[in-house]
>>> print(open('my_file31.cif').read())   # mmCIF, C-alpha atoms and all ligand atoms
data_data
#
loop_
_atom_site.label_atom_id
_atom_site.label_comp_id
_atom_site.auth_asym_id
_atom_site.auth_seq_id
_atom_site.Cartn_x
_atom_site.Cartn_y
_atom_site.Cartn_z
CA MET A 1 -15.48 -1.96 -67.00
CA MET A 2 -15.20 -5.66 -67.86
CA ALA A 3 -18.39 -7.26 -69.11
CA ASN A 4 -19.44 -10.83 -68.37
CA SER A 5 -18.25 -12.43 -71.60
CA ASN A 6 -19.48 -15.89 -70.50
CA LEU A 7 -23.05 -14.90 -71.35
CA VAL A 8 -22.38 -13.44 -74.79
CA PRO A 9 -20.82 -15.64 -77.45
CA ASN A 10 -17.53 -14.70 -79.09
CA ILE A 11 -17.71 -13.38 -82.62
CA ARG A 12 -15.44 -13.98 -85.61
CA ILE A 13 -14.43 -11.41 -88.22
CA ASP A 14 -12.17 -12.72 -90.98
CA ASP A 15 -9.17 -14.38 -89.28
CA LYS A 16 -9.82 -13.07 -85.75
CA GLU A 17 -11.99 -13.99 -82.80
CA PHE A 18 -13.35 -11.33 -80.45
CA LYS A 19 -14.87 -11.54 -76.94
CA LEU A 20 -17.29 -9.19 -75.23
CA PHE A 21 -15.53 -6.24 -73.63
CA ILE A 22 -17.99 -3.38 -72.97
CA GLU A 23 -21.75 -3.89 -73.02
CA GLU A 24 -24.12 -1.51 -74.76
CA ALA A 25 -25.70 -0.37 -71.47
CA GLN A 26 -22.33 0.70 -70.14
CA ILE A 27 -21.50 2.57 -73.35
CA THR A 28 -24.84 4.39 -73.15
CA ALA A 29 -24.31 5.34 -69.50
CA SER A 30 -20.81 6.67 -70.16
CA ILE A 31 -22.05 8.82 -73.05
CA GLN A 32 -24.85 10.22 -70.90
CA LYS A 33 -22.30 11.23 -68.27
CA LEU A 34 -20.05 12.85 -70.86
CA ALA A 35 -23.00 14.74 -72.38
CA GLU A 36 -23.94 16.20 -69.00
CA VAL A 37 -20.50 17.81 -68.74
CA VAL A 38 -20.56 19.03 -72.37
CA ASN A 39 -24.04 20.48 -71.85
CA VAL A 40 -22.75 22.62 -69.00
CA ASP A 41 -19.51 23.68 -70.73
CA TYR A 42 -21.19 24.57 -74.05
CA HIS A 43 -24.64 25.75 -72.95
CA ASP A 44 -24.10 29.21 -74.51
CA LYS A 45 -21.70 28.28 -77.32
CA ASN A 46 -23.44 26.80 -80.41
CA PRO A 47 -20.48 24.48 -81.21
CA VAL A 48 -19.69 22.71 -84.48
CA LEU A 49 -19.14 19.02 -83.86
CA ILE A 50 -16.60 17.66 -86.33
CA VAL A 51 -17.06 13.91 -86.58
CA VAL A 52 -14.08 11.85 -87.70
CA LEU A 53 -15.38 9.28 -90.16
CA ASN A 54 -15.88 6.39 -90.28
CA GLY A 55 -15.46 5.04 -86.76
CA ALA A 56 -16.90 7.92 -84.72
CA VAL A 57 -20.25 8.05 -86.48
CA VAL A 58 -22.15 5.76 -84.10
CA PHE A 59 -20.82 7.53 -80.99
CA ALA A 60 -21.48 10.95 -82.57
CA CYS A 61 -25.15 10.15 -83.23
CA ASP A 62 -25.73 8.88 -79.69
CA LEU A 63 -23.89 11.87 -78.17
CA LEU A 64 -25.76 14.33 -80.39
CA LYS A 65 -29.12 13.10 -79.08
CA GLN A 66 -28.01 13.88 -75.50
CA LEU A 67 -26.89 17.45 -76.22
CA SER A 68 -29.22 20.27 -75.20
CA MET A 69 -27.57 23.38 -76.73
CA ASN A 70 -27.83 24.53 -80.34
CA CYS A 71 -25.11 22.74 -82.25
CA GLU A 72 -24.12 21.72 -85.77
CA MET A 73 -22.53 18.56 -87.10
CA GLU A 74 -19.95 18.24 -89.88
CA PHE A 75 -17.71 15.41 -91.05
CA VAL A 76 -14.10 14.76 -91.99
CA LYS A 77 -12.47 11.52 -93.02
CA ILE A 78 -8.98 10.83 -91.72
CA SER A 79 -7.21 7.51 -91.85
CA SER A 80 -4.12 6.12 -90.17
CA TYR A 81 -5.04 2.52 -89.41
CA HIS A 82 -4.49 -0.63 -91.43
CA GLY A 83 -5.72 -3.93 -89.99
CA THR A 84 -5.04 -3.77 -86.25
CA ALA A 85 -2.17 -1.23 -86.12
CA SER A 86 -1.74 2.52 -86.46
CA THR A 87 0.56 3.23 -89.43
CA GLY A 88 1.59 6.75 -88.42
CA ASN A 89 0.82 7.75 -92.01
CA VAL A 90 -2.10 10.17 -91.54
CA GLN A 91 -4.21 11.10 -94.56
CA ILE A 92 -7.12 13.56 -94.85
CA LYS A 93 -9.48 11.75 -97.22
CA LEU A 94 -12.43 14.14 -96.91
CA ASP A 95 -11.98 17.70 -95.65
CA LEU A 96 -14.42 20.13 -94.02
CA ASP A 97 -16.52 22.23 -96.35
CA ILE A 98 -17.59 24.88 -93.85
CA ASP A 99 -15.80 27.93 -92.46
CA ILE A 100 -14.89 27.40 -88.79
CA GLU A 101 -13.37 30.85 -88.21
CA ASN A 102 -14.70 32.24 -84.90
CA ARG A 103 -16.56 29.01 -84.15
CA HIS A 104 -16.29 26.74 -81.14
CA VAL A 105 -15.23 23.37 -82.50
CA MET A 106 -15.48 19.97 -80.87
CA VAL A 107 -13.78 17.07 -82.63
CA ILE A 108 -15.63 13.77 -82.14
CA GLU A 109 -13.47 10.62 -82.23
CA ASP A 110 -14.27 6.98 -81.56
CA ILE A 111 -10.91 6.24 -79.94
CA VAL A 112 -7.61 7.99 -79.37
CA ASP A 113 -4.76 5.49 -79.39
CA THR A 114 -1.28 6.89 -80.18
CA GLY A 115 -2.72 10.36 -80.78
CA ASN A 116 -1.06 10.46 -84.25
CA THR A 117 -4.27 11.17 -86.11
CA LEU A 118 -5.37 14.09 -83.99
CA SER A 119 -1.91 15.57 -83.49
CA HIS A 120 -1.82 15.84 -87.29
CA PHE A 121 -5.38 17.12 -87.67
CA ILE A 122 -5.77 19.59 -84.76
CA PRO A 123 -3.10 22.04 -86.04
CA LEU A 124 -4.84 22.05 -89.44
CA LEU A 125 -8.08 23.01 -87.68
CA LYS A 126 -6.41 25.67 -85.54
CA ALA A 127 -4.91 27.29 -88.66
CA ARG A 128 -8.50 28.09 -89.68
CA LYS A 129 -8.88 30.33 -86.63
CA PRO A 130 -11.70 28.75 -84.63
CA LEU A 131 -12.52 30.36 -81.26
CA SER A 132 -11.74 27.07 -79.51
CA VAL A 133 -11.00 23.43 -80.31
CA LYS A 134 -11.74 20.59 -77.92
CA ILE A 135 -11.69 16.81 -78.37
CA ALA A 136 -14.37 14.35 -77.28
CA SER A 137 -13.55 10.67 -77.65
CA LEU A 138 -15.60 7.63 -76.67
CA LEU A 139 -12.44 5.73 -75.76
CA LEU A 140 -8.91 6.53 -74.75
CA LYS A 141 -6.00 4.06 -74.78
CA PRO A 142 -3.04 4.45 -72.39
CA ASP A 143 -0.57 5.17 -75.23
CA ALA A 144 -2.41 8.40 -75.84
CA LEU A 145 -1.80 9.35 -72.23
CA LYS A 146 1.86 8.32 -72.49
CA ASN A 147 2.30 10.71 -75.40
CA ARG A 148 0.69 13.41 -73.24
CA PHE A 149 -1.98 13.89 -75.80
CA HIS A 150 -4.78 15.92 -74.27
CA VAL A 151 -8.33 14.66 -74.75
CA ASP A 152 -10.80 17.09 -73.16
CA TYR A 153 -13.71 14.65 -72.88
CA ALA A 154 -13.19 10.87 -72.81
CA ALA A 155 -16.13 8.61 -71.96
CA MET A 156 -13.98 5.57 -71.07
CA GLU A 157 -10.32 4.58 -70.74
CA ILE A 158 -9.30 1.11 -71.90
CA PRO A 159 -6.12 -1.01 -71.96
CA ASN A 160 -4.03 -1.30 -75.09
CA GLU A 161 -6.01 -4.05 -76.87
CA PHE A 162 -7.57 -3.99 -80.32
CA ILE A 163 -11.36 -3.61 -80.15
CA VAL A 164 -14.30 -3.64 -82.57
CA GLY A 165 -17.99 -2.76 -82.44
CA TYR A 166 -20.08 0.36 -81.86
CA GLY A 167 -18.60 2.00 -84.96
CA LEU A 168 -15.11 0.53 -84.68
CA ASP A 169 -14.06 -1.93 -87.39
CA TYR A 170 -11.70 -4.71 -88.30
CA ASN A 171 -11.10 -4.76 -92.08
CA GLY A 172 -14.18 -2.55 -92.43
CA LYS A 173 -16.39 -5.03 -90.59
CA GLY A 174 -17.92 -5.07 -87.10
CA ARG A 175 -19.12 -1.45 -86.96
CA ASN A 176 -22.72 -2.63 -86.58
CA LEU A 177 -22.10 -4.53 -83.33
CA ARG A 178 -23.96 -2.95 -80.40
CA ASN A 179 -21.39 -4.01 -77.78
CA ILE A 180 -17.64 -3.46 -77.92
CA TYR A 181 -15.51 -6.61 -78.35
CA GLN A 182 -11.84 -7.22 -77.68
CA VAL A 183 -9.57 -9.36 -79.84
CA CYS A 184 -8.78 -12.79 -78.28
CA ASP A 185 -5.06 -13.60 -77.83
P1 LIG B 1 -4.32 7.09 -83.30
O1 LIG B 1 -3.92 7.95 -84.47
O2 LIG B 1 -4.70 7.89 -82.06
O3 LIG B 1 -3.27 6.06 -82.98
O4 LIG B 1 -5.54 6.21 -83.71
C1 LIG B 1 -6.69 6.82 -84.05
C2 LIG B 1 -7.63 6.00 -84.91
O5 LIG B 1 -7.21 4.65 -85.08
C3 LIG B 1 -8.95 5.92 -84.23
O6 LIG B 1 -9.74 7.02 -84.57
C4 LIG B 1 -9.53 4.63 -84.77
O7 LIG B 1 -10.18 4.88 -85.97
C5 LIG B 1 -8.31 3.78 -84.99
N1 LIG B 1 -8.13 2.86 -83.82
C6 LIG B 1 -7.32 3.02 -82.75
N2 LIG B 1 -7.41 1.99 -81.89
C7 LIG B 1 -8.33 1.14 -82.43
C8 LIG B 1 -8.88 -0.13 -82.01
O8 LIG B 1 -8.57 -0.72 -80.96
N3 LIG B 1 -9.81 -0.68 -82.83
C9 LIG B 1 -10.20 -0.10 -84.00
N4 LIG B 1 -11.12 -0.74 -84.72
N5 LIG B 1 -9.71 1.09 -84.43
C10 LIG B 1 -8.78 1.69 -83.65
MG MG B 2 -11.31 7.14 -85.71
#
>>> encode(input="my_file31.cif", output="structure tokens")
Amino acid sequence: MMANSNLVPNIRIDDKEFKLFIEEAQITASIQKLAEVVNVDYHDKNPVLIVVLNGAVVFACDLLKQLSMNCEMEFVKISSYHGTASTGNVQIKLDLDIDIENRHVMVIEDIVDTGNTLSHFIPLLKARKPLSVKIASLLLKPDALKNRFHVDYAAMEIPNEFIVGYGLDYNGKGRNLRNIYQVCD
């Protein structure tokens, strides 16, 4: 999992320094593996992918390109993070504008940390009577596991450190980085 951070310079965003954590090639390989499983599970299902903005958008696009079944993509915006910590105060900032009744739904997240965001959002989705709801996340932190939050498809598990890059931000910045970086102590 660990990348060779000696070869790639640290980056600075506002008041924080970050070091290389997961290289682009490893991210790509983990998404390919995840897509192979999803392609089998959903081959006859025409799912709606519900992408959680903003962070999951980069992962969602790369995953989408690896999917072989008919599928649709929609977006919601949910926020719970401020700076480098989850606030527990979950807000739906942009809701779905399609009917998901009798549809197979797959929620696409960048990272599941405490599980607060999705444990708030999933019941709202289920109330709309989809046929099924599953979660695909690029990353999973151990706290999520501690809270027994079930993520159906997770590309990678990581320790409890704040990360940026590949869609994930610090103060809105860093989403454009191709690798994933970890905050320096
Ligand atoms: P949760 O509600 O599961 O604690 O956190 C979910 C959301 O918080 C994620 O979708 C993501 O947007 C944000 N988040 C969690 N951990 C990190 C992290 O290490 N870095 C960044 N940039 N965002 C995170
Ligand atoms: Mg997110």
>>> residues_around(input="my_file31.cif", residues="A:Lys45", least_positions_apart="5", cutoff="12 Å", atoms="all atoms listed in the file", output="PyMOL selection string")
chain A and resi 38-40+68-72+102-106+131-132
>>> closest_residue(input="my_file31.cif", among="A:Ala25, A:Leu34, A:Ile78, A:Cys184", to="A:Ile122", atoms="only C-alpha atoms")
A:Ile78
>>> residues_around(input="my_file31.cif", residues="stretch 57-61 of chain A", least_positions_apart="4", cutoff="8 Å", atoms="all atoms listed in the file", output="PDB file with C-alpha atoms, keeping the file's coordinate frame")
ATOM      1  CA  VAL A  51     -17.060  13.910 -86.580  1.00  0.00           C
ATOM      2  CA  VAL A  52     -14.080  11.850 -87.700  1.00  0.00           C
ATOM      3  CA  LEU A  53     -15.380   9.280 -90.160  1.00  0.00           C
ATOM      4  CA  LYS A  65     -29.120  13.100 -79.080  1.00  0.00           C
ATOM      5  CA  ILE A 108     -15.630  13.770 -82.140  1.00  0.00           C
ATOM      6  CA  ASP A 110     -14.270   6.980 -81.560  1.00  0.00           C
ATOM      7  CA  LEU A 138     -15.600   7.630 -76.670  1.00  0.00           C
ATOM      8  CA  TYR A 166     -20.080   0.360 -81.860  1.00  0.00           C
ATOM      9  CA  GLY A 167     -18.600   2.000 -84.960  1.00  0.00           C
TER      10      GLY A 167
END
>>> closest_residue(input="my_file31.cif", among="A:Asp169, A:Glu23, A:Asp143, A:Glu157", to="ligand LIG 1 (chain B)", atoms="all atoms listed in the file")
A:Asp169
>>> closest_residue(input="my_file31.cif", among="A:Ile163, A:Leu94, A:Leu125, A:Val133", to="A:Asn179", atoms="only C-alpha atoms")
A:Ile163
>>> residues_near_ligand(input="my_file31.cif", ligand="ligand LIG 1 (chain B)", cutoff="7 Å", atoms="only C-alpha atoms and all ligand atoms", output="NGL selection string")
:A and (55 or 80-81 or 84 or 86 or 88 or 109-118 or 144 or 161-164 or 168-170)
